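Undergrad: Sharing run26.tsv, TSV, C-alpha atoms and all ligand atoms:
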```tsv
chain	number	residue	atom	x	y	z
A	18	MET	CA	-11.63	20.41	11.10
A	19	THR	CA	-11.68	18.61	7.77
A	20	THR	CA	-14.74	16.48	7.17
A	21	LEU	CA	-14.60	12.98	5.69
A	22	ARG	CA	-16.09	14.20	2.39
A	23	GLU	CA	-13.57	17.06	2.19
A	24	TYR	CA	-10.72	14.60	2.75
A	25	LEU	CA	-12.02	12.19	0.09
A	26	GLU	CA	-12.28	15.07	-2.41
A	27	SER	CA	-8.77	16.28	-1.55
A	28	ALA	CA	-7.48	12.72	-2.03
A	29	GLY	CA	-8.93	12.69	-5.54
A	30	CYS	CA	-11.21	9.72	-4.85
A	31	GLU	CA	-13.59	8.93	-7.71
A	32	ALA	CA	-17.07	10.27	-6.92
A	33	ALA	CA	-18.79	6.87	-6.60
A	34	LEU	CA	-16.09	5.63	-4.20
A	35	GLN	CA	-16.58	8.77	-2.13
A	36	ASP	CA	-20.32	8.08	-2.05
A	37	LEU	CA	-19.75	4.45	-1.04
A	38	ILE	CA	-17.38	5.35	1.82
A	39	MET	CA	-19.75	8.10	3.05
A	40	LEU	CA	-22.70	5.68	2.89
A	41	ILE	CA	-20.81	3.07	4.92
A	42	GLY	CA	-19.72	5.67	7.49
A	43	ARG	CA	-23.34	6.81	7.97
A	44	GLN	CA	-24.29	3.33	9.24
A	45	ALA	CA	-22.38	3.81	12.49
A	46	ALA	CA	-25.29	5.74	14.05
A	47	PRO	CA	-28.02	3.12	13.44
A	48	ILE	CA	-25.56	0.38	14.44
A	49	ARG	CA	-24.82	2.08	17.75
A	50	GLU	CA	-28.56	2.50	18.36
A	51	ALA	CA	-29.11	-1.23	17.82
A	52	PHE	CA	-26.59	-2.36	20.47
A	53	ILE	CA	-28.94	-1.96	23.40
A	54	THR	CA	-31.71	-4.09	21.87
A	55	HIS	CA	-29.42	-6.70	20.29
A	56	GLN	CA	-27.03	-7.75	23.05
A	57	ALA	CA	-27.67	-11.43	23.37
A	58	TYR	CA	-26.81	-14.46	21.31
A	59	VAL	CA	-29.35	-15.89	18.90
A	60	ASP	CA	-29.91	-19.55	18.12
A	61	THR	CA	-28.38	-19.37	14.65
A	62	GLU	CA	-24.83	-20.27	13.62
A	63	ASN	CA	-22.58	-18.73	11.01
A	64	VAL	CA	-20.79	-20.64	8.27
A	65	PHE	CA	-18.11	-21.62	10.83
A	66	GLY	CA	-20.63	-23.20	13.17
A	67	GLU	CA	-20.06	-20.31	15.59
A	68	GLN	CA	-23.11	-19.12	17.49
A	69	GLN	CA	-24.11	-15.69	16.18
A	70	ALA	CA	-24.72	-12.66	18.35
A	71	ALA	CA	-27.89	-10.75	17.56
A	72	MET	CA	-25.72	-7.85	16.43
A	73	ASP	CA	-23.82	-10.08	14.00
A	74	THR	CA	-26.96	-10.87	12.07
A	75	TRP	CA	-28.59	-7.46	12.50
A	76	ALA	CA	-25.54	-5.48	11.35
A	77	ASP	CA	-24.93	-7.91	8.49
A	78	ALA	CA	-28.51	-7.60	7.21
A	79	TRP	CA	-28.54	-3.81	7.68
A	80	ILE	CA	-25.30	-3.07	5.84
A	81	THR	CA	-26.04	-5.61	3.09
A	82	ARG	CA	-29.44	-3.98	2.46
A	83	VAL	CA	-28.10	-0.42	2.46
A	84	LEU	CA	-25.17	-1.19	0.16
A	85	GLY	CA	-27.24	-3.48	-2.07
A	86	GLU	CA	-29.89	-0.78	-2.57
A	87	SER	CA	-27.28	1.87	-3.32
A	88	GLY	CA	-26.46	0.46	-6.77
A	89	LEU	CA	-22.80	1.09	-5.94
A	90	ILE	CA	-21.61	-2.50	-5.40
A	91	ARG	CA	-21.49	-5.58	-7.63
A	92	GLU	CA	-20.49	-8.12	-4.94
A	93	LEU	CA	-20.38	-8.36	-1.17
A	94	ALA	CA	-18.64	-11.01	0.96
A	95	SER	CA	-19.51	-11.09	4.65
A	96	GLU	CA	-18.34	-13.17	7.60
A	97	GLU	CA	-22.00	-13.78	8.35
A	98	GLN	CA	-23.07	-15.04	4.91
A	99	GLU	CA	-21.98	-18.36	3.40
A	100	GLU	CA	-22.30	-17.18	-0.21
A	101	VAL	CA	-20.96	-14.01	-1.81
A	102	SER	CA	-23.90	-11.67	-2.56
A	103	VAL	CA	-24.12	-10.48	-6.19
A	104	PHE	CA	-26.05	-7.36	-7.25
A	105	PRO	CA	-26.71	-7.65	-11.03
A	106	ASP	CA	-28.45	-4.23	-11.24
A	107	SER	CA	-25.48	-2.37	-9.79
A	108	THR	CA	-24.38	0.69	-11.77
A	109	HIS	CA	-20.80	0.38	-10.46
A	110	GLU	CA	-18.15	-2.33	-10.10
A	111	TYR	CA	-17.12	-2.01	-6.45
A	112	ALA	CA	-16.82	-5.24	-4.47
A	113	VAL	CA	-17.03	-5.06	-0.67
A	114	VAL	CA	-15.66	-7.50	1.92
A	115	MET	CA	-16.85	-7.06	5.50
A	116	ASP	CA	-16.94	-8.26	9.04
A	117	PRO	CA	-20.09	-6.40	10.04
A	118	MET	CA	-19.63	-6.79	13.78
A	119	ASP	CA	-16.16	-7.78	14.89
A	120	GLY	CA	-15.89	-8.66	18.58
A	121	SER	CA	-19.64	-9.17	18.98
A	122	SER	CA	-19.12	-11.43	22.02
A	123	LEU	CA	-18.11	-8.24	23.87
A	124	ILE	CA	-21.25	-6.18	23.28
A	125	GLN	CA	-22.97	-7.32	26.47
A	126	THR	CA	-19.81	-6.36	28.40
A	127	ASN	CA	-19.82	-2.86	26.83
A	128	LEU	CA	-16.29	-3.17	25.46
A	129	SER	CA	-15.37	-1.62	22.11
A	130	VAL	CA	-16.32	-3.49	18.92
A	131	GLY	CA	-16.18	-2.56	15.26
A	132	THR	CA	-17.11	-2.99	11.61
A	133	ILE	CA	-14.35	-3.91	9.14
A	134	ILE	CA	-14.72	-3.01	5.43
A	135	GLY	CA	-12.52	-3.58	2.36
A	136	ILE	CA	-13.42	-2.11	-1.06
A	137	PHE	CA	-12.13	-3.54	-4.36
A	138	GLY	CA	-12.79	-2.41	-7.90
A	139	GLY	CA	-13.29	-4.82	-10.79
A	140	GLY	CA	-16.57	-6.28	-9.59
A	141	THR	CA	-15.12	-9.25	-7.64
A	142	VAL	CA	-14.18	-9.80	-4.01
A	143	MET	CA	-11.69	-12.58	-4.64
A	144	GLN	CA	-8.55	-10.43	-4.88
A	145	SER	CA	-5.39	-9.96	-2.84
A	146	GLY	CA	-5.07	-6.99	-0.52
A	147	ARG	CA	-2.66	-5.37	-2.98
A	148	ASN	CA	-5.68	-4.53	-5.15
A	149	LEU	CA	-7.75	-2.74	-2.50
A	150	LYS	CA	-9.07	0.69	-3.45
A	151	ALA	CA	-9.94	1.47	0.16
A	152	ALA	CA	-10.14	-0.11	3.60
A	153	LEU	CA	-11.75	1.21	6.73
A	154	TYR	CA	-13.02	0.20	10.12
A	155	MET	CA	-15.53	1.90	12.36
A	156	LEU	CA	-14.74	1.50	16.05
A	157	TYR	CA	-17.62	1.91	18.49
A	158	GLY	CA	-15.87	3.07	21.64
A	159	PRO	CA	-16.08	6.22	23.80
A	160	MET	CA	-15.93	7.96	20.42
A	161	THR	CA	-17.24	6.63	17.14
A	162	THR	CA	-14.16	6.67	14.92
A	163	LEU	CA	-13.63	5.75	11.29
A	164	THR	CA	-10.06	4.76	10.39
A	165	LEU	CA	-9.51	4.89	6.64
A	166	SER	CA	-6.96	4.40	3.92
A	167	VAL	CA	-7.56	5.05	0.22
A	168	GLY	CA	-3.93	4.21	-0.50
A	169	GLN	CA	-2.58	7.58	0.63
A	170	GLY	CA	-1.69	6.79	4.23
A	171	VAL	CA	-4.11	6.42	7.15
A	172	GLN	CA	-6.50	9.02	8.52
A	173	VAL	CA	-8.70	8.74	11.62
A	174	PHE	CA	-12.05	10.56	11.75
A	175	ALA	CA	-14.30	11.00	14.78
A	176	MET	CA	-18.06	11.50	14.58
A	177	ASP	CA	-19.14	14.85	16.04
A	178	LYS	CA	-22.42	15.68	17.81
A	179	ASP	CA	-24.08	16.35	14.46
A	180	GLY	CA	-23.08	12.95	13.06
A	181	GLU	CA	-20.35	14.40	10.84
A	182	TYR	CA	-16.96	12.64	10.69
A	183	ARG	CA	-14.15	15.13	11.30
A	184	LEU	CA	-10.40	14.49	10.92
A	185	LEU	CA	-8.96	13.54	14.30
A	186	HIS	CA	-5.51	12.16	13.35
A	187	GLN	CA	-3.79	12.74	10.00
A	188	ASP	CA	-1.25	10.38	8.40
A	189	MET	CA	-1.07	7.87	11.27
A	190	LYS	CA	2.22	5.94	11.56
A	191	ILE	CA	2.54	2.78	13.65
A	192	PRO	CA	5.45	3.39	16.09
A	193	GLU	CA	7.67	0.62	17.45
A	194	GLY	CA	6.06	-0.51	20.71
A	195	LYS	CA	5.84	-3.23	23.32
A	196	ASN	CA	2.10	-3.93	23.56
A	197	TYR	CA	1.03	-7.36	22.31
A	198	GLY	CA	-2.23	-9.23	21.98
A	199	THR	CA	-2.49	-12.88	21.03
A	200	GLY	CA	-5.35	-15.32	20.48
A	201	GLY	CA	-5.28	-18.99	21.33
A	202	THR	CA	-3.92	-20.40	24.58
A	203	ARG	CA	-0.31	-21.14	25.49
A	204	PRO	CA	-0.70	-24.95	25.32
A	205	THR	CA	-2.29	-24.68	21.85
A	206	TRP	CA	0.28	-22.34	20.27
A	207	VAL	CA	2.60	-23.76	17.62
A	208	ALA	CA	6.21	-23.77	18.84
A	209	PRO	CA	7.52	-20.78	16.84
A	210	HIS	CA	4.66	-18.60	18.14
A	211	ARG	CA	5.36	-19.64	21.72
A	212	ALA	CA	9.06	-18.86	21.18
A	213	PHE	CA	8.18	-15.42	19.79
A	214	ILE	CA	5.84	-14.56	22.67
A	215	GLU	CA	8.33	-15.73	25.31
A	216	ALA	CA	11.09	-13.69	23.65
A	217	ILE	CA	9.12	-10.42	23.62
A	218	GLU	CA	7.87	-11.05	27.17
A	219	GLU	CA	11.53	-11.33	28.21
A	220	GLU	CA	12.04	-7.92	26.57
A	221	GLY	CA	9.22	-6.40	28.64
A	222	ALA	CA	6.27	-6.65	26.24
A	223	LYS	CA	2.92	-6.04	27.95
A	224	ILE	CA	-0.30	-7.89	27.06
A	225	ARG	CA	-3.20	-5.85	25.69
A	226	TYR	CA	-5.95	-8.20	24.46
A	227	THR	CA	-9.70	-7.56	24.67
A	228	GLY	CA	-11.19	-10.09	22.26
A	229	SER	CA	-11.94	-7.49	19.60
A	230	PHE	CA	-9.47	-7.45	16.69
A	231	VAL	CA	-10.49	-3.93	15.64
A	232	ALA	CA	-10.12	-2.46	19.14
A	233	ASP	CA	-6.85	-4.29	19.78
A	234	PHE	CA	-5.43	-3.29	16.41
A	235	HIS	CA	-6.41	0.35	16.90
A	236	GLN	CA	-4.34	0.33	20.08
A	237	ILE	CA	-1.38	-1.07	18.09
A	238	LEU	CA	-1.88	1.59	15.41
A	239	THR	CA	-1.68	4.22	18.16
A	240	TYR	CA	0.99	2.90	20.54
A	241	GLY	CA	2.84	0.25	18.49
A	242	GLY	CA	3.36	-3.44	19.23
A	243	ILE	CA	1.63	-6.41	17.63
A	244	TYR	CA	-1.69	-8.20	17.33
A	245	CYS	CA	-1.47	-11.95	16.74
A	246	TYR	CA	-3.96	-14.67	16.05
A	247	PRO	CA	-1.52	-17.52	15.40
A	248	ALA	CA	-1.65	-20.97	13.92
A	249	LEU	CA	-2.66	-23.39	16.66
A	250	ASN	CA	-1.63	-27.04	16.94
A	251	GLU	CA	-5.15	-28.18	16.04
A	252	LYS	CA	-5.94	-25.17	13.81
A	253	PRO	CA	-2.95	-24.58	11.52
A	254	LYS	CA	-4.71	-21.61	9.89
A	255	GLY	CA	-5.72	-20.03	13.18
A	256	LYS	CA	-9.14	-18.37	13.65
A	257	LEU	CA	-9.39	-15.07	11.77
A	258	ARG	CA	-10.37	-14.84	8.14
A	259	LEU	CA	-8.14	-13.58	5.32
A	260	LEU	CA	-10.62	-11.80	3.09
A	261	TYR	CA	-12.58	-9.55	5.47
A	262	GLU	CA	-10.42	-9.35	8.58
A	263	ALA	CA	-6.73	-9.74	7.66
A	264	ILE	CA	-6.77	-7.98	4.29
A	265	PRO	CA	-8.60	-4.72	5.19
A	266	VAL	CA	-6.84	-4.24	8.53
A	267	GLY	CA	-3.53	-5.39	7.02
A	268	PHE	CA	-3.89	-2.80	4.25
A	269	ILE	CA	-4.40	-0.07	6.84
A	270	ALA	CA	-1.44	-1.32	8.89
A	271	GLU	CA	0.94	-1.30	5.91
A	272	GLN	CA	-0.36	2.11	4.79
A	273	ALA	CA	0.60	3.34	8.28
A	274	GLY	CA	4.16	2.06	7.88
A	275	GLY	CA	3.49	-1.14	9.81
A	276	ARG	CA	3.83	-4.69	8.54
A	277	THR	CA	1.76	-7.86	8.39
A	278	SER	CA	2.63	-11.53	8.16
A	279	ASP	CA	1.27	-15.05	8.36
A	280	GLY	CA	4.69	-15.99	9.77
A	281	HIS	CA	6.35	-15.95	6.36
A	282	GLN	CA	4.84	-13.34	3.99
A	283	SER	CA	2.77	-10.17	3.95
A	284	LEU	CA	-0.94	-10.92	4.34
A	285	LEU	CA	-1.52	-8.64	1.36
A	286	ASP	CA	0.37	-11.04	-0.91
A	287	ILE	CA	-1.95	-13.97	-0.21
A	288	VAL	CA	-4.49	-14.45	-3.01
A	289	PRO	CA	-7.76	-15.73	-1.50
A	290	GLU	CA	-8.98	-19.06	-2.89
A	291	GLU	CA	-12.32	-19.10	-1.08
A	292	PRO	CA	-14.22	-16.32	0.75
A	293	HIS	CA	-13.98	-17.76	4.27
A	294	GLN	CA	-10.45	-19.11	4.34
A	295	ARG	CA	-8.58	-18.49	7.56
A	296	THR	CA	-5.00	-17.33	8.04
A	297	PRO	CA	-2.61	-16.86	10.91
A	298	ILE	CA	-2.42	-13.10	11.49
A	299	TYR	CA	0.45	-10.95	12.72
A	300	VAL	CA	-0.02	-7.20	12.30
A	301	GLY	CA	1.90	-4.33	13.88
A	302	SER	CA	5.26	-2.61	14.21
A	303	PRO	CA	7.97	-3.56	11.67
A	304	GLY	CA	10.37	-4.63	14.45
A	305	MET	CA	7.80	-7.04	15.89
A	306	ILE	CA	7.05	-8.59	12.50
A	307	ARG	CA	10.76	-9.08	11.89
A	308	LYS	CA	10.94	-11.05	15.17
A	309	VAL	CA	7.92	-13.16	14.17
A	310	GLU	CA	9.36	-14.11	10.79
A	311	ALA	CA	12.74	-14.90	12.37
A	312	ALA	CA	10.97	-17.24	14.82
A	313	PHE	CA	9.19	-19.07	11.97
A	314	GLU	CA	12.11	-19.16	9.52
A	315	GLY	CA	13.11	-22.68	8.56
A	316	THR	CA	10.59	-24.31	10.95
A	317	GLY	CA	8.18	-25.45	8.25
A	318	LYS	CA	5.30	-24.16	10.45
A	401	LIG	P1	-16.24	-12.55	17.73
A	401	LIG	O1	-16.58	-11.55	16.66
A	401	LIG	O2	-16.90	-13.87	17.57
A	401	LIG	O3	-16.35	-11.98	19.11
A	401	LIG	O4	-14.68	-12.92	17.51
A	401	LIG	C1	-13.78	-11.86	17.59
A	401	LIG	C2	-12.50	-12.25	16.86
A	401	LIG	O5	-12.80	-12.63	15.54
A	401	LIG	C3	-11.51	-11.10	16.91
A	401	LIG	O6	-12.13	-9.87	16.86
A	401	LIG	C4	-10.78	-11.34	18.22
A	401	LIG	O7	-9.47	-10.80	18.24
A	401	LIG	C5	-10.77	-12.87	18.30
A	401	LIG	O8	-11.88	-13.33	17.54
A	401	LIG	C6	-10.92	-13.36	19.72
A	401	LIG	O9	-10.86	-14.76	19.66
A	401	LIG	P2	-10.66	-15.58	21.03
A	401	LIG	O10	-11.95	-15.40	21.79
A	401	LIG	O11	-10.40	-16.99	20.58
A	401	LIG	O12	-9.49	-14.97	21.75
```
Please re-express this file's structure in structure tokens.

TA:
Amino acid sequence: MTTLREYLESAGCEAALQDLIMLIGRQAAPIREAFITHQAYVDTENVFGEQQAAMDTWADAWITRVLGESGLIRELASEEQEEVSVFPDSTHEYAVVMDPMDGSSLIQTNLSVGTIIGIFGGGTVMQSGRNLKAALYMLYGPMTTLTLSVGQGVQVFAMDKDGEYRLLHQDMKIPEGKNYGTGGTRPTWVAPHRAFIEAIEEEGAKIRYTGSFVADFHQILTYGGIYCYPALNEKPKGKLRLLYEAIPVGFIAEQAGGRTSDGHQSLLDIVPEEPHQRTPIYVGSPGMIRKVEAAFEGTGK
């Protein structure tokens, strides 16, 4: 089976981008090893005032160090760091956005969690998703998988017993489907979101929601449906962050023939104004996104 490096070469990826993607992929093994000794919460908070899990801070520090030392990246924006890290000695102009440990509240329950990565060129992270050179997420489940797009569709690799990523699924396409996951709680949803959820429930949609965006999205990528973290009455921008959650996963979704929206426009068309800005997120099958945007049309929400 094709290895990750063989795929990157066949895709014509520039050598330094290949090296960066391979370097990121190699961090799955040490990350998985760290789970058992970093399950709990620590007494620090992230920039959002959210209590950090030990794995949030450990994975953030680990990946930042490895990428910073590589000389391959100029900037790095992380959910766990208030400021964008700059690497003046870098020999390349890649800029990485990351959620180092998405779903960390689930680690002590042994549910699947992941690492989300977006890679820009041009030396700066503050770009729309349209400019991404690559996006990937590593999903730490029964298998360790790496789902990747370099702008030529979506490939899924699984780590074998020797630690090599081998092609598991080629050219993934999001089917139409009836699975849905949504954050927030029914009383807090803005009216158009509630109307959308009630409409798809009437049509037989089934809830699939674990609390890990990466795991829930990977299920949508495979079976179809939609993942939502909507605007809430008290939080009009919802919970998830544009730069390092919506943009990388949204890029992968659209490369797989799916769609994304904030209720009105593709998430890839939103130009970030600050690294930690939030956005309502809808990502999944084209038919589901059409229903979302119809529900929001003309509501001003
Ligand atoms: P954590 O990384 O703090 O566990 O948050 C996970 C997440 O960002 C995303 O992965 C989930 O889909 C969403 O938040 C779950 O949020 P709720 O707990 O509010 O449903």

Undergrad: At a cut-off of 7 Å, can you tabulate as a tab-separated table every residue of chain A near ligand LIG 401 (chain A) together with its closest atom pair and the distance in Å to one decimal, using all atoms listed in the file and ordering rows by chain then number?

TA:
```
residue	atom	partner	partner_atom	distance
A:Met118	CA	A:LIG401	O1	6.3
A:Asp119	CA	A:LIG401	O1	4.2
A:Gly120	CA	A:LIG401	O3	3.4
A:Ser121	CA	A:LIG401	O3	4.3
A:Ser122	CA	A:LIG401	O3	4.1
A:Leu123	CA	A:LIG401	O3	6.3
A:Gly200	CA	A:LIG401	O12	4.3
A:Gly201	CA	A:LIG401	O11	5.5
A:Gly228	CA	A:LIG401	C6	4.1
A:Ser229	CA	A:LIG401	O6	3.6
A:Phe230	CA	A:LIG401	O6	3.6
A:Val231	CA	A:LIG401	O6	6.3
A:Lys256	CA	A:LIG401	O8	6.9
A:Leu257	CA	A:LIG401	O5	5.6
```

Undergrad: Could you produce a table of the residues of stretch 199-220 of chain A lying within 12 Å of stretch 276-288 of chain A, with the nearest pair of atoms per residue and their separation in Å rounded to one decimal, using all atoms listed in the file, ordered by chain and increasing residue number, as CSV?

TA:
```
residue,atom,partner,partner_atom,distance
A:Val207,CA,A:Gly280,CA,11.2
A:Pro209,CA,A:Gly280,CA,9.0
A:His210,CA,A:Gly280,CA,8.8
A:Phe213,CA,A:Gly280,CA,10.6
```

Undergrad: Just the number, please: distance in Å from atom CA of A:Gly194 to atom CA of A:Glu220, one decimal.

TA: 11.2 Å

Undergrad: Give me the box for stretch 174-187 of chain A as AutoDock Vina command-line options, namely the centre and edge lengths in Å to one decimal of a box along x, y and z that holds every listed atom plus 6 Å on each side.

TA:
```
--center_x -13.9 --center_y 13.5 --center_z 13.9 --size_x 32.3 --size_y 17.8 --size_z 19.8
```

Undergrad: Between A:Gln294, A:Gln169, A:Thr164, A:Ser145, which residue has the minimum interatomic distance to A:Leu185, considering only C-alpha atoms?

TA: A:Thr164

Undergrad: Using only C-alpha atoms, which residues sit within 12 Å of A:Ala28 once same-chain residues fewer than 4 positions away are excluded, as an NGL selection string?

TA: :A and (21-24 or 32 or 34-35 or 151 or 165-172)

Undergrad: How would the residues just picked look written out with C-alpha atoms as a compact mmCIF listing (two decimals), in the coordinates of the input?

TA:
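Result file is part.txt:
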```txt
# COMPACT_ATOMS: atom_id res chain seq x y z
CA LEU A 21 -14.60 12.98 5.69
CA ARG A 22 -16.09 14.20 2.39
CA GLU A 23 -13.57 17.06 2.19
CA TYR A 24 -10.72 14.60 2.75
CA ALA A 32 -17.07 10.27 -6.92
CA LEU A 34 -16.09 5.63 -4.20
CA GLN A 35 -16.58 8.77 -2.13
CA ALA A 151 -9.94 1.47 0.16
CA LEU A 165 -9.51 4.89 6.64
CA SER A 166 -6.96 4.40 3.92
CA VAL A 167 -7.56 5.05 0.22
CA GLY A 168 -3.93 4.21 -0.50
CA GLN A 169 -2.58 7.58 0.63
CA GLY A 170 -1.69 6.79 4.23
CA VAL A 171 -4.11 6.42 7.15
CA GLN A 172 -6.50 9.02 8.52
```

Undergrad: Would you mind telling me which residue in A:Asn196, A:Thr202, A:Ser107, A:Thr19 lies nearest to A:Glu218 when using all atoms listed in the file?

TA: A:Asn196

Undergrad: Between atom CA of A:Tyr226 and atom CA of A:Asp188, what is the distance in Å, rounded to a tenth?

TA: 25.0 Å

Undergrad: Measuring between all atoms listed in the file, which one of A:Leu89, A:Leu25, A:Cys30, A:Leu238 shows the shortest distance to A:Thr108?

TA: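 The closest residue to A:Thr108 is A:Leu89.
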
Undergrad: Determine the nearest neighbour of A:Ser95 from the options A:Val266, A:Ala70, A:Ala216, A:Leu260, counting only C-alpha atoms.

TA: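 Using only C-alpha atoms, A:Ser95 sits closest to A:Leu260.
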